[in-house]
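This report concerns only the one structure given below.
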Protein chains: 2
Amino acid sequence: MTKLLNGVDCKNKLKIKLKNKITKIKDKLSITVISVGNNEASKIYIKNKIKECNSINIECKHLHYEKTTTNELIKVIKKLNKDKNTTGILVQLPLPKNINEKLVINSIDKLKDIDGLTETNIAKLYNNEPGIIPCTAKGIIDLLDFYNIELVGKNITIIGRSNLVGKPLFHSLLNKNATVTLCHSKTKNLKSITKKSDIIIVAVGKPNLITNDMVRKNSIIIDVGINRINGKICGDVDFKKVAKKCEYITPVPGGVGPMTVYEVLSNTLDCYKIQQNKNIR
Amino acid sequence: MTKLLNGVDCKNKLKIKLKNKITKIKDKLSITVISVGNNEASKIYIKNKIKECNSINIECKHLHYEKTTTNELIKVIKKLNKDKNTTGILVQLPLPKNINEKLVINSIDKLKDIDGLTETNIAKLYNNEPGIIPCTAKGIIDLLDFYNIELVGKNITIIGRSNLVGKPLFHSLLNKNATVTLCHSKTKNLKSITKKSDIIIVAVGKPNLITNDMVRKNSIIIDVGINRINGKICGDVDFKKVAKKCEYITPVPGGVGPMTVYEVLSNTLDCYKIQQNKNIR
């Protein structure tokens with residue numbers, strides 16, 4: 001029978017352990033989320049982050065700007081970099097087009113980079129050195145680990161090569177000794193690749209991209225997609241049919257999403273530990 | 001008939017173009033190679049680099065230390081970083097074990113990082129932004145381009161995940177819109193993966209790792225291996241048999257090797273251009 005990879009259950013159980021660790025720290029962990037403009041999805045994500053942080057005794061401040069410039073944002077971040085009471089800094093993406101996203105992200109102190117998107121943390125992941133790993137990639141690794149799914153030598157196909165999911169996931173899985181193929185919009189014969197995969201991870205944003213005939217029996221399916229059809233949320237996988245064929249599958253919602261939120265909390269503790277020169281792996 | 005991807009020919013032709021560009025620059029390009037200890041292979045590589053630089057009017061200085069420390073090396077590099085007459089800096093690897101290779105490499109100014117191994121240049125490659133790309137990876141891309149081999153949507157398998165070849169090559173090919181699989185020592189059923197590949201690139205250091213039965217008809221084989229058997233140099237591919245089956249193949253020697261040497265020269269010009277705020281792509 002197909003088993004669900006239950007992100008809500010996993011998150012809740014990992015959160016209890018994380019809360020215990022945070023309780024033992026004498027310093028108060030505190031993060032600052034910075035947002036610019038009027039993105040509706042961002043508002044929901046930020047509200048969610050604040051709620052989650054509060055539930056685990058992490059302070060979460062929110063700095064919002066209706067309009068601002070690259071230089072102004074960098075000034076704010078540099079001030080937070082120096083502030084001893086700020087454990088982590090998170091810039092909510094996307095930023096408005098007038099702002100140079102790269103410059104802003106890279107102005108974050110690598111030790112406070114909760115999203116793991118600065119050049120230093122990218123290079124650390126690439127070099128398989130301890131560092132902060134982007135939340136969705138780390139969430140998927142933790143979810144697979146929670147269900148004791150072996151990764152060494154497994155043939156894994158990732159579909160989607162974004163900097164937030166596909167690329168960091170590629171290196172996270174490679175670092176776990178999986179054999180990884182990274183597919184994208186220019187890939188030909190996607191089906192011939194997914195058919196041979198032990199694990200398929202899809203992060204594209206196209207409903208029903210992964211159909212029954214593309215999946216090997218007893219494979220494992222991780223669906224990162226979040227799409228809205230007639231007000232209902234679904235992923236990139238034809239869930240009903242694929243679920244009958246595979247061994248494990250993530251539901252949408254309730255799969256990868258909760259894990260991404262959990263990793264914001266987990267990465268905050270990692271940032272704190274790195275700042276204290278403590279081991280994080 | 002199988003065609004050879006002739007690295008010597010490609011290098012010679014690209015070098016003429018490069019020399020023309022360098023001649024037009026009023027500044028003298030100058031690189032410094034730093035080596036430590038007594039590695040015999042390194043001595044040959046450095047001698048080769050000096051010869052190649054001289055042939056194209058690039059000055060090549062060599063700083064050699066029998067013994068030194070991480071701090072001393074970093075001091076030397078920081079001085080070169082500031083020196084206006086130094087276009088590029090190259091630390092010959094491997095360094096002796098008492099030296100922290102990562103710290104030394106990352107002390108090189110990203111604008112003078114001919115080998116493309118600093119964290120900043122790694123992140124630029126990962127993010128598909130203009131930067132300095134490690135020489136062997138860039139050499140393979142240029143060799144494929146020289147022979148007009150299309151990469152978009154091609155299924156490419158890389159075997160070997162080193163920071164010098166496998167990983168930068170993965171991103172270079174991904175940035176060219178290929179679908180790339182990265183294999184390594186923990187990969188299971190390598191043959192089932194190579195059999196489905198349009199292009200196979202092997203950089204492991206094991207003679208005859210890639211045999212006739214692992215290769216699809218009319219595929220393209222890039223052999224990065226350099227092995228010595230009974231005083232003769234060979235690659236990682238069973239050349240005689242595989243050459244009969246594939247469309248293109250690199251010889252060893254005379255395939256990827258010359259291209260790596262060429263890219264030291266090409267990256268020196270790229271460093272100069274970046275320092276002048278000029279476009280390199």
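In the structure tokens, each chain is lettered A, B, ... as it comes, each chain's residues begin at 1, and ligands are numbered from 1 in order of appearance.
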
Quick check: residues of chain B within 10 Å of chain A, only C-alpha atoms, returned as an mmCIF file with C-alpha atoms, in the first residue's frame.
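Final output, selection-v1.cif:
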data_model
loop_
_atom_site.group_PDB
_atom_site.id
_atom_site.type_symbol
_atom_site.label_atom_id
_atom_site.label_comp_id
_atom_site.auth_asym_id
_atom_site.auth_seq_id
_atom_site.Cartn_x
_atom_site.Cartn_y
_atom_site.Cartn_z
ATOM 1 C CA LYS B 102 40.271 26.218 1.489
ATOM 2 C CA LEU B 117 37.867 27.960 -7.178
ATOM 3 C CA THR B 118 36.992 30.772 -4.743
ATOM 4 C CA GLU B 119 33.564 30.658 -3.107
ATOM 5 C CA THR B 120 32.430 33.713 -5.060
ATOM 6 C CA ASN B 121 33.250 32.197 -8.437
ATOM 7 C CA ILE B 122 31.670 28.866 -7.443
ATOM 8 C CA ALA B 123 28.453 30.711 -6.552
ATOM 9 C CA LYS B 124 28.553 32.666 -9.812
ATOM 10 C CA TYR B 126 25.949 27.933 -9.745
ATOM 11 C CA ASN B 127 23.814 31.040 -10.290
ATOM 12 C CA VAL B 152 20.571 21.893 -25.357
ATOM 13 C CA GLY B 153 18.348 19.076 -24.093
ATOM 14 C CA LYS B 154 21.091 16.469 -24.476
ATOM 15 C CA ASN B 155 21.303 13.739 -21.841
ATOM 16 C CA ILE B 156 24.796 14.008 -20.437
ATOM 17 C CA THR B 157 26.355 11.758 -17.827
ATOM 18 C CA ARG B 161 32.244 14.592 -8.730
ATOM 19 C CA SER B 162 35.446 16.464 -7.939
ATOM 20 C CA ASN B 163 35.484 20.196 -7.276
ATOM 21 C CA LYS B 167 30.897 19.694 -10.138
ATOM 22 C CA PRO B 168 31.876 22.760 -12.189
ATOM 23 C CA PHE B 170 27.758 19.835 -14.054
ATOM 24 C CA HIS B 171 26.838 23.501 -13.690
ATOM 25 C CA LEU B 174 23.287 22.790 -16.953
ATOM 26 C CA LYS B 176 23.958 25.315 -21.485
ATOM 27 C CA ASN B 177 20.522 23.701 -20.982
ATOM 28 C CA ALA B 178 21.698 20.085 -21.038
ATOM 29 C CA THR B 179 20.051 17.472 -18.814
ATOM 30 C CA VAL B 180 22.877 16.285 -16.611
ATOM 31 C CA THR B 181 23.354 13.234 -14.370
ATOM 32 C CA LEU B 182 26.291 13.263 -11.961
ATOM 33 C CA CYS B 183 27.641 9.782 -11.148
ATOM 34 C CA HIS B 184 30.341 8.786 -8.656
ATOM 35 C CA SER B 185 31.781 5.934 -6.616
ATOM 36 C CA LYS B 186 28.442 5.237 -4.893
ATOM 37 C CA THR B 187 26.442 5.061 -8.136
ATOM 38 C CA LYS B 188 24.697 1.748 -8.760
ATOM 39 C CA ASN B 189 24.217 0.310 -12.268
ATOM 40 C CA LEU B 190 26.444 2.855 -13.965
ATOM 41 C CA SER B 192 22.232 1.464 -17.267
ATOM 42 C CA ILE B 193 22.831 5.225 -17.010
ATOM 43 C CA LYS B 196 21.049 6.074 -22.269
#

(request) Taking the DSSP assignment computed from this structure's backbone, write out as a count of residues only all residues of stretch 60-143 of chain A that belong to strand (DSSP E). (result) 10

(message) Can you tell me which residues surround B:Asp145 at a distance of at most 12 Å, considering only C-alpha atoms, apart from same-chain residues fewer than 2 positions away, and format the answer as a list in words?
(response) Leu5, Gly7, Cys10, Leu14, Lys138, Gly139, Ile140, Ile141, Asp142, Leu143, Tyr147, Asn148, Ile149, Glu150, Leu151, Val152, Leu173 and Lys176 of chain B

Export, as a compact mmCIF listing (two decimals), in the first residue's frame, the selected residues with N, CA and C atoms.
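So the final result, stored in again-v6.txt, reads:
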# COMPACT_ATOMS: atom_id res chain seq x y z
N LEU B 5 37.88 14.25 -31.22
CA LEU B 5 37.81 15.62 -30.72
C LEU B 5 39.23 16.01 -30.38
N GLY B 7 41.99 17.98 -29.18
CA GLY B 7 42.23 19.09 -28.27
C GLY B 7 43.43 19.95 -28.67
N CYS B 10 42.21 22.17 -31.59
CA CYS B 10 41.27 23.17 -31.06
C CYS B 10 42.04 24.23 -30.29
N LEU B 14 42.21 28.24 -31.15
CA LEU B 14 41.68 29.22 -30.20
C LEU B 14 42.80 30.13 -29.70
N LYS B 138 35.68 24.40 -18.34
CA LYS B 138 35.55 25.37 -19.43
C LYS B 138 36.19 24.84 -20.71
N GLY B 139 37.29 24.11 -20.56
CA GLY B 139 37.96 23.53 -21.72
C GLY B 139 37.08 22.52 -22.44
N ILE B 140 36.34 21.72 -21.69
CA ILE B 140 35.45 20.73 -22.30
C ILE B 140 34.31 21.43 -23.04
N ILE B 141 33.75 22.46 -22.41
CA ILE B 141 32.67 23.22 -23.06
C ILE B 141 33.19 23.82 -24.38
N ASP B 142 34.38 24.41 -24.33
CA ASP B 142 34.94 25.04 -25.54
C ASP B 142 35.25 24.01 -26.62
N LEU B 143 35.71 22.84 -26.21
CA LEU B 143 36.02 21.78 -27.18
C LEU B 143 34.74 21.31 -27.88
N TYR B 147 33.57 21.90 -32.03
CA TYR B 147 33.07 20.88 -32.97
C TYR B 147 31.57 21.00 -33.22
N ASN B 148 31.00 22.15 -32.84
CA ASN B 148 29.56 22.42 -33.07
C ASN B 148 28.66 21.34 -32.52
N ILE B 149 29.01 20.80 -31.38
CA ILE B 149 28.16 19.77 -30.77
C ILE B 149 27.09 20.45 -29.91
N GLU B 150 25.86 20.21 -30.29
CA GLU B 150 24.70 20.81 -29.62
C GLU B 150 24.58 20.24 -28.20
N LEU B 151 24.29 21.09 -27.23
CA LEU B 151 24.15 20.63 -25.84
C LEU B 151 22.72 20.75 -25.30
N VAL B 152 21.93 21.65 -25.87
CA VAL B 152 20.57 21.89 -25.36
C VAL B 152 19.75 20.60 -25.36
N LEU B 173 27.36 22.66 -17.90
CA LEU B 173 26.48 21.99 -18.86
C LEU B 173 25.01 22.31 -18.59
N LYS B 176 24.14 25.43 -20.03
CA LYS B 176 23.96 25.31 -21.49
C LYS B 176 22.67 24.56 -21.83

Name all residues at most 7 Å from A:Glu247 (count only C-alpha atoms; drop same-chain ones fewer than 6 positions away) and give them as a PDB file with C-alpha atoms, in the first residue's frame.
ATOM      1  CA  THR A   2       1.185   3.509  -0.776  1.00  0.00           C
ATOM      2  CA  LYS A   3       2.371   5.386   2.262  1.00  0.00           C
ATOM      3  CA  ASN A 218       7.331   1.331  -5.962  1.00  0.00           C
ATOM      4  CA  SER A 219       9.147   4.604  -6.580  1.00  0.00           C
ATOM      5  CA  ILE A 220       9.068   7.543  -4.189  1.00  0.00           C
TER       6      ILE A 220
END

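The protein and nucleic acid residues lying at most 9 Å from A:Ile108 are Ile74, Ile77, Lys78, Leu80, Asn81, Ile89, Leu90, Val104, Ile105, Asn106, Lys110, Leu111, Lys112, Asp113 and Thr118 of chain A, with only C-alpha atoms considered and sequence neighbours fewer than 2 positions away removed.
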
Please save C-alpha atoms of the selected residues as an mmCIF file, in the first residue's frame.
data_model
loop_
_atom_site.group_PDB
_atom_site.id
_atom_site.type_symbol
_atom_site.label_atom_id
_atom_site.label_comp_id
_atom_site.auth_asym_id
_atom_site.auth_seq_id
_atom_site.Cartn_x
_atom_site.Cartn_y
_atom_site.Cartn_z
ATOM 1 C CA ILE A 74 21.494 47.071 2.280
ATOM 2 C CA ILE A 77 20.694 44.671 6.591
ATOM 3 C CA LYS A 78 24.177 45.883 7.540
ATOM 4 C CA LEU A 80 21.081 43.971 11.528
ATOM 5 C CA ASN A 81 24.344 42.166 10.711
ATOM 6 C CA ILE A 89 17.904 37.753 8.705
ATOM 7 C CA LEU A 90 15.461 36.711 6.020
ATOM 8 C CA VAL A 104 20.627 42.623 -1.203
ATOM 9 C CA ILE A 105 20.887 38.883 -0.447
ATOM 10 C CA ASN A 106 24.691 38.963 -0.462
ATOM 11 C CA LYS A 110 26.708 34.525 6.061
ATOM 12 C CA LEU A 111 26.322 33.623 9.762
ATOM 13 C CA LYS A 112 22.807 35.136 9.823
ATOM 14 C CA ASP A 113 21.686 33.882 6.405
ATOM 15 C CA THR A 118 24.371 34.055 0.081
#

(request) Tell me which protein, DNA and RNA residues are within 9 Å of A:Lys28, counting only C-alpha atoms, leaving out same-chain ones fewer than 2 positions away, and put them as an MDAnalysis selection string. (result) chainID A and resid 22 25:26 30 57:59 85 87

(message) If you run DSSP on the backbone here, which positions in stretch 52-122 of chain B get alpha helix (DSSP H)? Please write them as a count of residues only.
(response) 27

(message) So the first atom is atom CA of B:Asp115 and the second is atom CA of B:Asn98; what is the distance between them in Å, to one decimal place?
(response)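 It comes out at 21.6 Å.
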
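With only C-alpha atoms as the atoms that count, the residue of B:Val165, B:Leu144, B:Val36, B:Ile199 with the shortest distance to B:Gly255 is B:Leu144.
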
(request) Pick out the closest residue to A:Ile274 from this set: A:Asn12, A:Ser55, A:Leu95, A:Ile114. Count only C-alpha atoms. (result) A:Ile114

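Straight-line separation from atom CA of A:Thr86 to atom CA of A:Thr69: 22.4 Å.
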